[in-house]
Amino acid sequence: MAAFSRREFYEQLVHGCVLPTALQGLEQIWVLLVMCLGCRVLWRLGLPSHIKHLFTIAGGFFCLYHFFRLQMIWVVLMSLLCYLVLFLCRHSQHRGVLLSITVLIYLLMGEMHMVDTASWHKMRGAQMIVAMKAVSLGFDVDRGIVRCIPSPVEFMGYVYFVGTVIFGPWISFTSYQQALNGQKLTFSWFRRVLRSLILTIFCLLMSTCVSPYLFPYFIPIYGDRLLRKWLRAYENTSSFHFSNYFVGFLSEVTTVLSGAGFTEEKDHVHWDLAVSRPLNVEIPRSMVDVVTSWNLPMSRWLHTYVFKNAMKLGTFQAIIVTYAASALLHGLSFHLAAVLLSLGFLTYVEHVLRKKLADIFSACILSKKCSPNCAHRNKKVRLYYAAWHPLWNAFWDFVHVTVTSMVTVHRNLHFFLQSLLVYLINILFGALALFHLTYLGSLFDTDSEDASEEEGYGMAHTISKWSDLGWAGHWLTFGSWVFYRLLG
């Protein structure tokens, strides 16, 4: 393909990749979309709730069989085991912990090849959703958010809800119950489904047809061997990111199309489900913001049911436990565990360093955006014009009237420089976050001989990729931690 002219390349790209990929993507998901729409219409019929649950279970089973065939039995077995534990422990006050232990044992047994690896990892996404739903339900019952243990039909309806059973995302049992009432078919609902579907196809095309040729053809940047390595790493990262956004937007389509993913404000319904925020990842403020925006429902689940429960161990330990739980849910492949645990150390170091700098400079440079009424003295302004306009007025007064305007000039200039400092520090940390994303994402190389779609990437691939980049991300994290310690 390197010998093609630019025009020939674009023609081959459109006819050989863009159109076939879009058509194949729609062909793969149209059955699921029809089932979700059927579920949406069913919930509007005013049937008894147990009938709705039964139809939802039937739809979920059909979709599981459509995508996984008889391998779906392992997902069904997990759901049955979870409800058995929930029922046997109905008088306990630690149902969430007991369900967590059950899920942990089941997943570890599966990862230790209780099932053949290809079959096990093919169902990894569906297993993750079942595990997250069961654990969250257990903790919600313990906390009184859910008043009583659901019946078997209610539990299975929640677990096999057709809108989330294949691609997710995680939704709470309360959200499922609210969706069961059946909201009206409105234009805002249809518009949200259509928007997410368009973004789904766009991200699929970006991941498959654009990102792999980002620098050779779309942005032709050339340089020495080290630069080419980092550009190649960014290509791999970009392709991996858009494949995640594809799944995220697709899960928005299926969830909203089936009638969930909304919030109610008085009499108005907002279809506002958001799974990913790509701009927060591609133009990051911090790595903390990245891991939150990567998958919002899962981030919320990890924070609510893992991080908060592990806080008694200490902040750093809670962060490591949270990322370890995420690694287990995603499957115990070496490269995923390496990336997630590296993220655990990285986000902790970034958080404490920026907190220390924010205290020293009294500036809005924390990992997350400050509230408008925060106590920091140095804030960033919304627009540079907001700082320049009073400076210009003060200068004009100085020219025409009195020397007293010099004080105004000095104050406004000082205010502008403070705002500029906040911007520059945040931009610096954003650039570091982009650097870390490229470094960590370099592992996801689909052209690697060590890559396996079912089993992930091996240890040799992980070490080789990071060694080629000089372990730069890990050294930078260590240097940031040393700098934080030197600050006292």
# chains A, B, ... in the order shown; residues from 1 in each chain; ligands from 1

$ residues_around --residues "A:Val306" --least-positions-apart "6" --cutoff "12 Å" --atoms "only C-alpha atoms" --output "list in words"
Gly96, Val97, Ser100, Met132, Val135, Ser136, Phe139, Met298, Ser299, Arg300, Lys312, Leu313, Gln317, Ala318, Ile319, Ile320, Val321, Thr322, Tyr323, Ala324, Ala325 and Ser326 of chain A

$ write_last_selection --atoms "N, CA, C and O atoms" --output "PDB file, in the first residue's frame"
ATOM      1  N   GLY A  96     -23.035  -8.182  49.861  1.00  0.00           N
ATOM      2  CA  GLY A  96     -22.151  -7.658  48.821  1.00  0.00           C
ATOM      3  C   GLY A  96     -20.770  -8.278  48.882  1.00  0.00           C
ATOM      4  O   GLY A  96     -20.200  -8.646  47.848  1.00  0.00           O
ATOM      5  N   VAL A  97     -20.229  -8.421  50.093  1.00  0.00           N
ATOM      6  CA  VAL A  97     -18.902  -9.022  50.255  1.00  0.00           C
ATOM      7  C   VAL A  97     -18.930 -10.494  49.846  1.00  0.00           C
ATOM      8  O   VAL A  97     -18.030 -10.977  49.134  1.00  0.00           O
ATOM      9  N   SER A 100     -19.077 -10.788  46.176  1.00  0.00           N
ATOM     10  CA  SER A 100     -17.772 -10.432  45.606  1.00  0.00           C
ATOM     11  C   SER A 100     -16.819 -11.618  45.669  1.00  0.00           C
ATOM     12  O   SER A 100     -16.098 -11.902  44.706  1.00  0.00           O
ATOM     13  N   MET A 132     -20.673  -7.510  37.708  1.00  0.00           N
ATOM     14  CA  MET A 132     -20.872  -6.158  38.241  1.00  0.00           C
ATOM     15  C   MET A 132     -22.302  -5.964  38.731  1.00  0.00           C
ATOM     16  O   MET A 132     -22.534  -5.355  39.787  1.00  0.00           O
ATOM     17  N   VAL A 135     -22.797  -8.048  42.117  1.00  0.00           N
ATOM     18  CA  VAL A 135     -22.097  -7.449  43.263  1.00  0.00           C
ATOM     19  C   VAL A 135     -22.778  -6.145  43.677  1.00  0.00           C
ATOM     20  O   VAL A 135     -22.993  -5.892  44.877  1.00  0.00           O
ATOM     21  N   SER A 136     -23.122  -5.297  42.712  1.00  0.00           N
ATOM     22  CA  SER A 136     -23.774  -4.025  43.056  1.00  0.00           C
ATOM     23  C   SER A 136     -25.123  -4.253  43.716  1.00  0.00           C
ATOM     24  O   SER A 136     -25.491  -3.536  44.655  1.00  0.00           O
ATOM     25  N   PHE A 139     -24.550  -5.184  47.443  1.00  0.00           N
ATOM     26  CA  PHE A 139     -24.228  -4.024  48.279  1.00  0.00           C
ATOM     27  C   PHE A 139     -25.422  -3.083  48.422  1.00  0.00           C
ATOM     28  O   PHE A 139     -25.632  -2.498  49.492  1.00  0.00           O
ATOM     29  N   MET A 298     -18.558   2.054  34.481  1.00  0.00           N
ATOM     30  CA  MET A 298     -17.656   1.161  35.208  1.00  0.00           C
ATOM     31  C   MET A 298     -16.844   1.925  36.238  1.00  0.00           C
ATOM     32  O   MET A 298     -16.597   1.423  37.345  1.00  0.00           O
ATOM     33  N   SER A 299     -16.436   3.144  35.888  1.00  0.00           N
ATOM     34  CA  SER A 299     -15.716   3.975  36.851  1.00  0.00           C
ATOM     35  C   SER A 299     -16.583   4.248  38.070  1.00  0.00           C
ATOM     36  O   SER A 299     -16.107   4.200  39.215  1.00  0.00           O
ATOM     37  N   ARG A 300     -17.867   4.513  37.833  1.00  0.00           N
ATOM     38  CA  ARG A 300     -18.806   4.747  38.934  1.00  0.00           C
ATOM     39  C   ARG A 300     -18.958   3.486  39.780  1.00  0.00           C
ATOM     40  O   ARG A 300     -19.007   3.545  41.016  1.00  0.00           O
ATOM     41  N   LYS A 312     -10.820   1.811  53.968  1.00  0.00           N
ATOM     42  CA  LYS A 312     -10.357   1.525  55.333  1.00  0.00           C
ATOM     43  C   LYS A 312      -8.912   1.033  55.342  1.00  0.00           C
ATOM     44  O   LYS A 312      -8.239   1.090  56.372  1.00  0.00           O
ATOM     45  N   LEU A 313      -8.407   0.566  54.185  1.00  0.00           N
ATOM     46  CA  LEU A 313      -7.024   0.106  54.083  1.00  0.00           C
ATOM     47  C   LEU A 313      -6.052   1.250  53.851  1.00  0.00           C
ATOM     48  O   LEU A 313      -4.850   1.077  53.980  1.00  0.00           O
ATOM     49  N   GLN A 317      -3.648   1.972  49.063  1.00  0.00           N
ATOM     50  CA  GLN A 317      -4.055   0.570  49.005  1.00  0.00           C
ATOM     51  C   GLN A 317      -5.417   0.422  48.328  1.00  0.00           C
ATOM     52  O   GLN A 317      -5.645  -0.516  47.560  1.00  0.00           O
ATOM     53  N   ALA A 318      -6.332   1.376  48.595  1.00  0.00           N
ATOM     54  CA  ALA A 318      -7.652   1.317  47.969  1.00  0.00           C
ATOM     55  C   ALA A 318      -7.545   1.480  46.458  1.00  0.00           C
ATOM     56  O   ALA A 318      -8.271   0.814  45.694  1.00  0.00           O
ATOM     57  N   ILE A 319      -6.645   2.351  46.006  1.00  0.00           N
ATOM     58  CA  ILE A 319      -6.451   2.539  44.567  1.00  0.00           C
ATOM     59  C   ILE A 319      -5.934   1.257  43.920  1.00  0.00           C
ATOM     60  O   ILE A 319      -6.425   0.828  42.859  1.00  0.00           O
ATOM     61  N   ILE A 320      -4.960   0.616  44.539  1.00  0.00           N
ATOM     62  CA  ILE A 320      -4.401  -0.622  43.984  1.00  0.00           C
ATOM     63  C   ILE A 320      -5.451  -1.726  43.966  1.00  0.00           C
ATOM     64  O   ILE A 320      -5.574  -2.478  42.989  1.00  0.00           O
ATOM     65  N   VAL A 321      -6.239  -1.843  45.051  1.00  0.00           N
ATOM     66  CA  VAL A 321      -7.308  -2.852  45.082  1.00  0.00           C
ATOM     67  C   VAL A 321      -8.320  -2.584  43.973  1.00  0.00           C
ATOM     68  O   VAL A 321      -8.801  -3.515  43.306  1.00  0.00           O
ATOM     69  N   THR A 322      -8.638  -1.316  43.728  1.00  0.00           N
ATOM     70  CA  THR A 322      -9.604  -0.965  42.684  1.00  0.00           C
ATOM     71  C   THR A 322      -9.107  -1.362  41.311  1.00  0.00           C
ATOM     72  O   THR A 322      -9.836  -1.962  40.515  1.00  0.00           O
ATOM     73  N   TYR A 323      -7.844  -1.054  41.022  1.00  0.00           N
ATOM     74  CA  TYR A 323      -7.301  -1.416  39.705  1.00  0.00           C
ATOM     75  C   TYR A 323      -7.108  -2.930  39.586  1.00  0.00           C
ATOM     76  O   TYR A 323      -7.225  -3.491  38.483  1.00  0.00           O
ATOM     77  N   ALA A 324      -6.803  -3.608  40.690  1.00  0.00           N
ATOM     78  CA  ALA A 324      -6.712  -5.068  40.654  1.00  0.00           C
ATOM     79  C   ALA A 324      -8.071  -5.689  40.356  1.00  0.00           C
ATOM     80  O   ALA A 324      -8.176  -6.650  39.582  1.00  0.00           O
ATOM     81  N   ALA A 325      -9.138  -5.129  40.950  1.00  0.00           N
ATOM     82  CA  ALA A 325     -10.488  -5.611  40.661  1.00  0.00           C
ATOM     83  C   ALA A 325     -10.838  -5.388  39.200  1.00  0.00           C
ATOM     84  O   ALA A 325     -11.441  -6.253  38.540  1.00  0.00           O
ATOM     85  N   SER A 326     -10.452  -4.233  38.667  1.00  0.00           N
ATOM     86  CA  SER A 326     -10.702  -3.958  37.253  1.00  0.00           C
ATOM     87  C   SER A 326      -9.952  -4.939  36.365  1.00  0.00           C
ATOM     88  O   SER A 326     -10.487  -5.424  35.353  1.00  0.00           O
TER      89      SER A 326
END

$ residues_around --residues "A:Gly59" --least-positions-apart "6" --cutoff "9 Å" --atoms "only C-alpha atoms" --output "list in words"
Met35, Cys36, Gly38, Cys39, Tyr160, Phe161 and Val162 of chain A

$ closest_residue --among "A:Tyr305, A:Phe334, A:Tyr217, A:Trp120" --to "A:Ser5" --atoms "only C-alpha atoms"
A:Tyr217

$ closest_residue --among "A:Val146, A:Met459, A:Val141, A:Ile29" --to "A:Val247" --atoms "only C-alpha atoms"
A:Ile29

$ residues_around --residues "A:Leu214" --least-positions-apart "2" --cutoff "12 Å" --atoms "only C-alpha atoms" --output "PDB file with N, CA, C and O atoms, in the first residue's frame"
ATOM      1  N   MET A 206     -12.919   4.788  12.303  1.00  0.00           N
ATOM      2  CA  MET A 206     -11.671   5.391  12.767  1.00  0.00           C
ATOM      3  C   MET A 206     -10.707   4.323  13.270  1.00  0.00           C
ATOM      4  O   MET A 206      -9.512   4.360  12.965  1.00  0.00           O
ATOM      5  N   SER A 207     -11.213   3.367  14.028  1.00  0.00           N
ATOM      6  CA  SER A 207     -10.364   2.327  14.600  1.00  0.00           C
ATOM      7  C   SER A 207      -9.813   1.394  13.532  1.00  0.00           C
ATOM      8  O   SER A 207      -8.647   0.998  13.586  1.00  0.00           O
ATOM      9  N   THR A 208     -10.643   1.065  12.540  1.00  0.00           N
ATOM     10  CA  THR A 208     -10.265   0.052  11.560  1.00  0.00           C
ATOM     11  C   THR A 208      -9.587   0.632  10.328  1.00  0.00           C
ATOM     12  O   THR A 208      -8.622   0.046   9.817  1.00  0.00           O
ATOM     13  N   CYS A 209     -10.069   1.788   9.858  1.00  0.00           N
ATOM     14  CA  CYS A 209      -9.640   2.286   8.554  1.00  0.00           C
ATOM     15  C   CYS A 209      -8.762   3.530   8.607  1.00  0.00           C
ATOM     16  O   CYS A 209      -8.086   3.822   7.618  1.00  0.00           O
ATOM     17  N   VAL A 210      -8.810   4.284   9.693  1.00  0.00           N
ATOM     18  CA  VAL A 210      -8.082   5.556   9.731  1.00  0.00           C
ATOM     19  C   VAL A 210      -6.851   5.481  10.626  1.00  0.00           C
ATOM     20  O   VAL A 210      -5.731   5.778  10.186  1.00  0.00           O
ATOM     21  N   SER A 211      -7.042   5.077  11.873  1.00  0.00           N
ATOM     22  CA  SER A 211      -5.930   5.097  12.836  1.00  0.00           C
ATOM     23  C   SER A 211      -4.721   4.265  12.416  1.00  0.00           C
ATOM     24  O   SER A 211      -3.579   4.695  12.637  1.00  0.00           O
ATOM     25  N   PRO A 212      -4.892   3.075  11.793  1.00  0.00           N
ATOM     26  CA  PRO A 212      -3.703   2.298  11.399  1.00  0.00           C
ATOM     27  C   PRO A 212      -2.828   2.999  10.359  1.00  0.00           C
ATOM     28  O   PRO A 212      -1.673   2.625  10.183  1.00  0.00           O
ATOM     29  N   PRO A 216       1.466   7.604   8.179  1.00  0.00           N
ATOM     30  CA  PRO A 216       1.985   7.415   6.819  1.00  0.00           C
ATOM     31  C   PRO A 216       1.190   8.148   5.748  1.00  0.00           C
ATOM     32  O   PRO A 216       1.769   8.619   4.777  1.00  0.00           O
ATOM     33  N   TYR A 217      -0.141   8.259   5.908  1.00  0.00           N
ATOM     34  CA  TYR A 217      -0.967   8.811   4.833  1.00  0.00           C
ATOM     35  C   TYR A 217      -1.733  10.069   5.222  1.00  0.00           C
ATOM     36  O   TYR A 217      -1.779  11.032   4.475  1.00  0.00           O
ATOM     37  N   PHE A 218      -2.371  10.078   6.372  1.00  0.00           N
ATOM     38  CA  PHE A 218      -3.211  11.218   6.742  1.00  0.00           C
ATOM     39  C   PHE A 218      -2.388  12.375   7.288  1.00  0.00           C
ATOM     40  O   PHE A 218      -2.645  13.534   6.985  1.00  0.00           O
ATOM     41  N   ILE A 219      -1.418  12.075   8.137  1.00  0.00           N
ATOM     42  CA  ILE A 219      -0.536  13.116   8.686  1.00  0.00           C
ATOM     43  C   ILE A 219       0.899  12.640   8.451  1.00  0.00           C
ATOM     44  O   ILE A 219       1.521  12.029   9.343  1.00  0.00           O
ATOM     45  N   PRO A 220       1.438  12.859   7.259  1.00  0.00           N
ATOM     46  CA  PRO A 220       2.759  12.291   6.929  1.00  0.00           C
ATOM     47  C   PRO A 220       3.892  12.976   7.686  1.00  0.00           C
ATOM     48  O   PRO A 220       4.427  13.991   7.270  1.00  0.00           O
ATOM     49  N   ILE A 221       4.241  12.422   8.834  1.00  0.00           N
ATOM     50  CA  ILE A 221       5.351  12.922   9.643  1.00  0.00           C
ATOM     51  C   ILE A 221       6.463  11.874   9.608  1.00  0.00           C
ATOM     52  O   ILE A 221       6.223  10.690   9.838  1.00  0.00           O
ATOM     53  N   LEU A 231       5.541   7.514  17.055  1.00  0.00           N
ATOM     54  CA  LEU A 231       4.407   7.708  16.156  1.00  0.00           C
ATOM     55  C   LEU A 231       3.643   6.406  15.960  1.00  0.00           C
ATOM     56  O   LEU A 231       2.410   6.392  15.933  1.00  0.00           O
ATOM     57  N   ARG A 232       4.363   5.308  15.830  1.00  0.00           N
ATOM     58  CA  ARG A 232       3.725   4.004  15.706  1.00  0.00           C
ATOM     59  C   ARG A 232       2.963   3.661  16.985  1.00  0.00           C
ATOM     60  O   ARG A 232       1.848   3.117  16.945  1.00  0.00           O
ATOM     61  N   ALA A 233       3.550   4.007  18.118  1.00  0.00           N
ATOM     62  CA  ALA A 233       2.871   3.771  19.393  1.00  0.00           C
ATOM     63  C   ALA A 233       1.583   4.575  19.475  1.00  0.00           C
ATOM     64  O   ALA A 233       0.552   4.073  19.955  1.00  0.00           O
ATOM     65  N   TYR A 234       1.622   5.826  18.994  1.00  0.00           N
ATOM     66  CA  TYR A 234       0.410   6.650  19.022  1.00  0.00           C
ATOM     67  C   TYR A 234      -0.650   6.091  18.085  1.00  0.00           C
ATOM     68  O   TYR A 234      -1.849   6.167  18.380  1.00  0.00           O
ATOM     69  N   GLU A 235      -0.262   5.556  16.939  1.00  0.00           N
ATOM     70  CA  GLU A 235      -1.213   4.913  16.036  1.00  0.00           C
ATOM     71  C   GLU A 235      -1.917   3.751  16.715  1.00  0.00           C
ATOM     72  O   GLU A 235      -3.144   3.610  16.633  1.00  0.00           O
ATOM     73  N   ASN A 236      -1.136   2.890  17.374  1.00  0.00           N
ATOM     74  CA  ASN A 236      -1.732   1.760  18.099  1.00  0.00           C
ATOM     75  C   ASN A 236      -2.685   2.246  19.180  1.00  0.00           C
ATOM     76  O   ASN A 236      -3.780   1.705  19.371  1.00  0.00           O
ATOM     77  N   THR A 237      -2.257   3.292  19.902  1.00  0.00           N
ATOM     78  CA  THR A 237      -3.088   3.851  20.959  1.00  0.00           C
ATOM     79  C   THR A 237      -4.397   4.403  20.401  1.00  0.00           C
ATOM     80  O   THR A 237      -5.475   4.164  20.948  1.00  0.00           O
ATOM     81  N   SER A 238      -4.300   5.139  19.306  1.00  0.00           N
ATOM     82  CA  SER A 238      -5.491   5.739  18.699  1.00  0.00           C
ATOM     83  C   SER A 238      -6.470   4.664  18.235  1.00  0.00           C
ATOM     84  O   SER A 238      -7.679   4.768  18.470  1.00  0.00           O
ATOM     85  N   SER A 239      -5.969   3.632  17.592  1.00  0.00           N
ATOM     86  CA  SER A 239      -6.842   2.547  17.131  1.00  0.00           C
ATOM     87  C   SER A 239      -7.525   1.854  18.299  1.00  0.00           C
ATOM     88  O   SER A 239      -8.729   1.567  18.262  1.00  0.00           O
TER      89      SER A 239
END

$ closest_residue --among "A:Ser333, A:Asn181, A:Ser251, A:Ser79" --to "A:Gly163" --atoms "only C-alpha atoms"
A:Ser251

$ atom_distance --atom1 "atom CA of A:Tyr106" --atom2 "atom CA of A:Gly125"
14.9 Å

$ closest_residue --among "A:Ala433, A:Leu64, A:Leu107, A:Leu37" --to "A:Val291" --atoms "only C-alpha atoms"
A:Ala433

$ residues_around --residues "A:Ser151" --least-positions-apart "2" --cutoff "12 Å" --atoms "only C-alpha atoms" --output "number ranges by chain"
A: 49-50, 53-54, 83-84, 86-87, 90, 148-149, 153-158

$ write_last_selection --atoms "N, CA and C atoms" --output "mmCIF file, in the first residue's frame"
data_model
loop_
_atom_site.group_PDB
_atom_site.id
_atom_site.type_symbol
_atom_site.label_atom_id
_atom_site.label_comp_id
_atom_site.auth_asym_id
_atom_site.auth_seq_id
_atom_site.Cartn_x
_atom_site.Cartn_y
_atom_site.Cartn_z
ATOM 1 N N SER A 49 -45.655 -6.859 35.551
ATOM 2 C CA SER A 49 -44.191 -6.760 35.634
ATOM 3 C C SER A 49 -43.507 -8.106 35.460
ATOM 4 N N HIS A 50 -44.095 -9.201 36.006
ATOM 5 C CA HIS A 50 -43.418 -10.489 35.895
ATOM 6 C C HIS A 50 -43.405 -10.977 34.439
ATOM 7 N N HIS A 53 -40.516 -9.150 32.876
ATOM 8 C CA HIS A 53 -39.258 -9.778 33.272
ATOM 9 C C HIS A 53 -39.005 -11.040 32.446
ATOM 10 N N LEU A 54 -40.032 -11.856 32.262
ATOM 11 C CA LEU A 54 -39.873 -13.109 31.515
ATOM 12 C C LEU A 54 -39.491 -12.841 30.063
ATOM 13 N N TYR A 83 -27.231 -15.807 42.253
ATOM 14 C CA TYR A 83 -28.531 -15.717 42.922
ATOM 15 C C TYR A 83 -28.640 -16.736 44.055
ATOM 16 N N LEU A 84 -28.027 -17.908 43.882
ATOM 17 C CA LEU A 84 -28.038 -18.904 44.957
ATOM 18 C C LEU A 84 -27.363 -18.348 46.211
ATOM 19 N N LEU A 86 -26.958 -15.159 46.931
ATOM 20 C CA LEU A 86 -27.786 -14.065 47.424
ATOM 21 C C LEU A 86 -28.964 -14.585 48.234
ATOM 22 N N PHE A 87 -29.568 -15.673 47.780
ATOM 23 C CA PHE A 87 -30.717 -16.238 48.493
ATOM 24 C C PHE A 87 -30.287 -16.906 49.802
ATOM 25 N N ARG A 90 -29.586 -14.380 52.594
ATOM 26 C CA ARG A 90 -30.614 -13.333 52.651
ATOM 27 C C ARG A 90 -30.748 -12.702 54.022
ATOM 28 N N CYS A 148 -35.506 -5.090 49.371
ATOM 29 C CA CYS A 148 -35.507 -6.529 49.652
ATOM 30 C C CYS A 148 -34.849 -7.266 48.503
ATOM 31 N N ILE A 149 -34.522 -8.519 48.763
ATOM 32 C CA ILE A 149 -33.890 -9.334 47.732
ATOM 33 C C ILE A 149 -34.890 -9.582 46.603
ATOM 34 N N VAL A 153 -37.155 -14.161 39.142
ATOM 35 C CA VAL A 153 -37.514 -13.586 37.842
ATOM 36 C C VAL A 153 -36.999 -12.145 37.731
ATOM 37 N N GLU A 154 -37.120 -11.368 38.807
ATOM 38 C CA GLU A 154 -36.617 -9.992 38.789
ATOM 39 C C GLU A 154 -35.103 -9.965 38.645
ATOM 40 N N PHE A 155 -34.420 -10.842 39.371
ATOM 41 C CA PHE A 155 -32.959 -10.886 39.309
ATOM 42 C C PHE A 155 -32.487 -11.260 37.914
ATOM 43 N N MET A 156 -33.083 -12.307 37.339
ATOM 44 C CA MET A 156 -32.663 -12.741 36.008
ATOM 45 C C MET A 156 -33.036 -11.713 34.943
ATOM 46 N N GLY A 157 -34.171 -11.027 35.124
ATOM 47 C CA GLY A 157 -34.520 -9.965 34.198
ATOM 48 C C GLY A 157 -33.495 -8.842 34.210
ATOM 49 N N TYR A 158 -33.027 -8.510 35.391
ATOM 50 C CA TYR A 158 -32.000 -7.479 35.537
ATOM 51 C C TYR A 158 -30.681 -7.927 34.916
#

$ select_by_dssp --residues "stretch 30-168 of chain A" --states "alpha helix (DSSP H)" --output "MDAnalysis selection string"
chainID A and resid 30:43 49:68 73:88 95:109 117:122 124:143 152:159

$ write_last_selection --atoms "C-alpha atoms" --output "short mmCIF file (atom, residue, chain, number, x, y, z; two decimals), in the first residue's frame"
data_model
loop_
_atom_site.label_atom_id
_atom_site.label_comp_id
_atom_site.auth_asym_id
_atom_site.auth_seq_id
_atom_site.Cartn_x
_atom_site.Cartn_y
_atom_site.Cartn_z
CA TRP A 30 -28.90 -5.50 13.58
CA VAL A 31 -30.40 -8.54 15.37
CA LEU A 32 -29.46 -7.07 18.75
CA LEU A 33 -30.93 -3.69 17.78
CA VAL A 34 -34.21 -5.32 16.72
CA MET A 35 -34.40 -7.20 20.04
CA CYS A 36 -33.76 -3.97 21.98
CA LEU A 37 -36.49 -2.15 20.06
CA GLY A 38 -38.86 -5.06 20.69
CA CYS A 39 -38.11 -4.84 24.41
CA ARG A 40 -38.81 -1.09 24.31
CA VAL A 41 -42.20 -1.60 22.65
CA LEU A 42 -43.05 -4.46 25.02
CA TRP A 43 -42.52 -2.28 28.09
CA SER A 49 -44.19 -6.76 35.63
CA HIS A 50 -43.42 -10.49 35.90
CA ILE A 51 -44.40 -10.94 32.23
CA LYS A 52 -42.04 -8.11 31.28
CA HIS A 53 -39.26 -9.78 33.27
CA LEU A 54 -39.87 -13.11 31.52
CA PHE A 55 -39.79 -11.54 28.06
CA THR A 56 -36.62 -9.65 29.00
CA ILE A 57 -34.99 -12.91 30.12
CA ALA A 58 -36.03 -14.60 26.87
CA GLY A 59 -34.60 -11.71 24.83
CA GLY A 60 -31.34 -11.79 26.77
CA PHE A 61 -31.01 -15.55 26.31
CA PHE A 62 -31.64 -15.21 22.58
CA CYS A 63 -28.97 -12.53 22.20
CA LEU A 64 -26.46 -14.52 24.25
CA TYR A 65 -27.09 -17.56 22.05
CA HIS A 66 -26.87 -15.44 18.90
CA PHE A 67 -23.41 -14.12 19.83
CA PHE A 68 -21.92 -17.01 21.85
CA ILE A 73 -23.77 -21.64 29.48
CA TRP A 74 -20.84 -20.19 31.47
CA VAL A 75 -22.57 -16.82 31.75
CA VAL A 76 -25.80 -18.52 32.80
CA LEU A 77 -23.93 -20.60 35.39
CA MET A 78 -22.43 -17.46 36.94
CA SER A 79 -25.84 -15.78 37.22
CA LEU A 80 -27.41 -18.87 38.83
CA LEU A 81 -24.54 -19.18 41.29
CA CYS A 82 -24.82 -15.49 42.22
CA TYR A 83 -28.53 -15.72 42.92
CA LEU A 84 -28.04 -18.90 44.96
CA VAL A 85 -25.51 -17.11 47.18
CA LEU A 86 -27.79 -14.07 47.42
CA PHE A 87 -30.72 -16.24 48.49
CA LEU A 88 -28.72 -18.36 51.00
CA ARG A 95 -24.27 -9.96 50.98
CA GLY A 96 -22.15 -7.66 48.82
CA VAL A 97 -18.90 -9.02 50.25
CA LEU A 98 -20.05 -12.64 49.93
CA LEU A 99 -21.12 -12.09 46.32
CA SER A 100 -17.77 -10.43 45.61
CA ILE A 101 -15.96 -13.48 46.97
CA THR A 102 -18.18 -15.78 44.90
CA VAL A 103 -17.52 -13.82 41.71
CA LEU A 104 -13.79 -13.69 42.50
CA ILE A 105 -13.56 -17.47 42.93
CA TYR A 106 -15.61 -18.15 39.81
CA LEU A 107 -13.55 -15.82 37.64
CA LEU A 108 -10.26 -17.17 38.99
CA MET A 109 -11.34 -20.74 38.30
CA THR A 117 -9.18 -20.08 27.07
CA ALA A 118 -10.70 -19.08 23.72
CA SER A 119 -14.26 -19.78 24.89
CA TRP A 120 -13.73 -18.11 28.26
CA HIS A 121 -12.31 -14.87 26.90
CA LYS A 122 -14.88 -14.68 24.12
CA ARG A 124 -15.45 -11.89 28.97
CA GLY A 125 -17.61 -8.81 28.37
CA ALA A 126 -20.88 -10.56 29.22
CA GLN A 127 -19.31 -12.16 32.30
CA MET A 128 -18.09 -8.77 33.45
CA ILE A 129 -21.56 -7.26 33.23
CA VAL A 130 -23.16 -10.16 35.14
CA ALA A 131 -20.51 -9.94 37.87
CA MET A 132 -20.87 -6.16 38.24
CA LYS A 133 -24.67 -6.34 38.40
CA ALA A 134 -24.67 -9.12 41.01
CA VAL A 135 -22.10 -7.45 43.26
CA SER A 136 -23.77 -4.03 43.06
CA LEU A 137 -27.16 -5.56 43.87
CA GLY A 138 -25.71 -7.27 46.93
CA PHE A 139 -24.23 -4.02 48.28
CA ASP A 140 -27.39 -2.06 47.44
CA VAL A 141 -29.50 -4.53 49.45
CA ASP A 142 -27.04 -4.23 52.36
CA ARG A 143 -27.25 -0.43 52.24
CA PRO A 152 -35.58 -15.03 40.78
CA VAL A 153 -37.51 -13.59 37.84
CA GLU A 154 -36.62 -9.99 38.79
CA PHE A 155 -32.96 -10.89 39.31
CA MET A 156 -32.66 -12.74 36.01
CA GLY A 157 -34.52 -9.96 34.20
CA TYR A 158 -32.00 -7.48 35.54
CA VAL A 159 -29.00 -9.65 34.72
#

$ closest_atom_pairs --of "stretch 98-205 of chain A" --to "stretch 269-284 of chain A" --cutoff "12 Å" --atoms "only C-alpha atoms" --output "tab-separated table"
residue	atom	partner	partner_atom	distance
A:Thr164	CA	A:Val275	CA	11.9
A:Phe167	CA	A:Val275	CA	11.1
A:Gly168	CA	A:Val275	CA	9.4
A:Pro169	CA	A:Val275	CA	7.2
A:Trp170	CA	A:Val275	CA	9.5
A:Ile171	CA	A:Leu273	CA	10.1
A:Ser175	CA	A:Leu273	CA	11.3
A:Gln178	CA	A:Val269	CA	11.7
A:Ala179	CA	A:Val269	CA	11.4
A:Gly182	CA	A:Val269	CA	11.7
A:Gln183	CA	A:Val269	CA	8.3
A:Lys184	CA	A:Val269	CA	9.3
A:Leu185	CA	A:Val269	CA	11.0
A:Thr186	CA	A:Val269	CA	9.7
A:Phe187	CA	A:Trp271	CA	10.6
A:Ser188	CA	A:Trp271	CA	7.3
A:Trp189	CA	A:Trp271	CA	6.2
A:Phe190	CA	A:Trp271	CA	9.6
A:Arg191	CA	A:Trp271	CA	9.4
A:Arg192	CA	A:Trp271	CA	6.8
A:Val193	CA	A:Trp271	CA	9.2
A:Arg195	CA	A:Trp271	CA	11.6
A:Ser196	CA	A:Ala274	CA	9.6
A:Leu199	CA	A:Pro278	CA	10.8
A:Thr200	CA	A:Ser276	CA	11.5
A:Cys203	CA	A:Pro278	CA	10.1
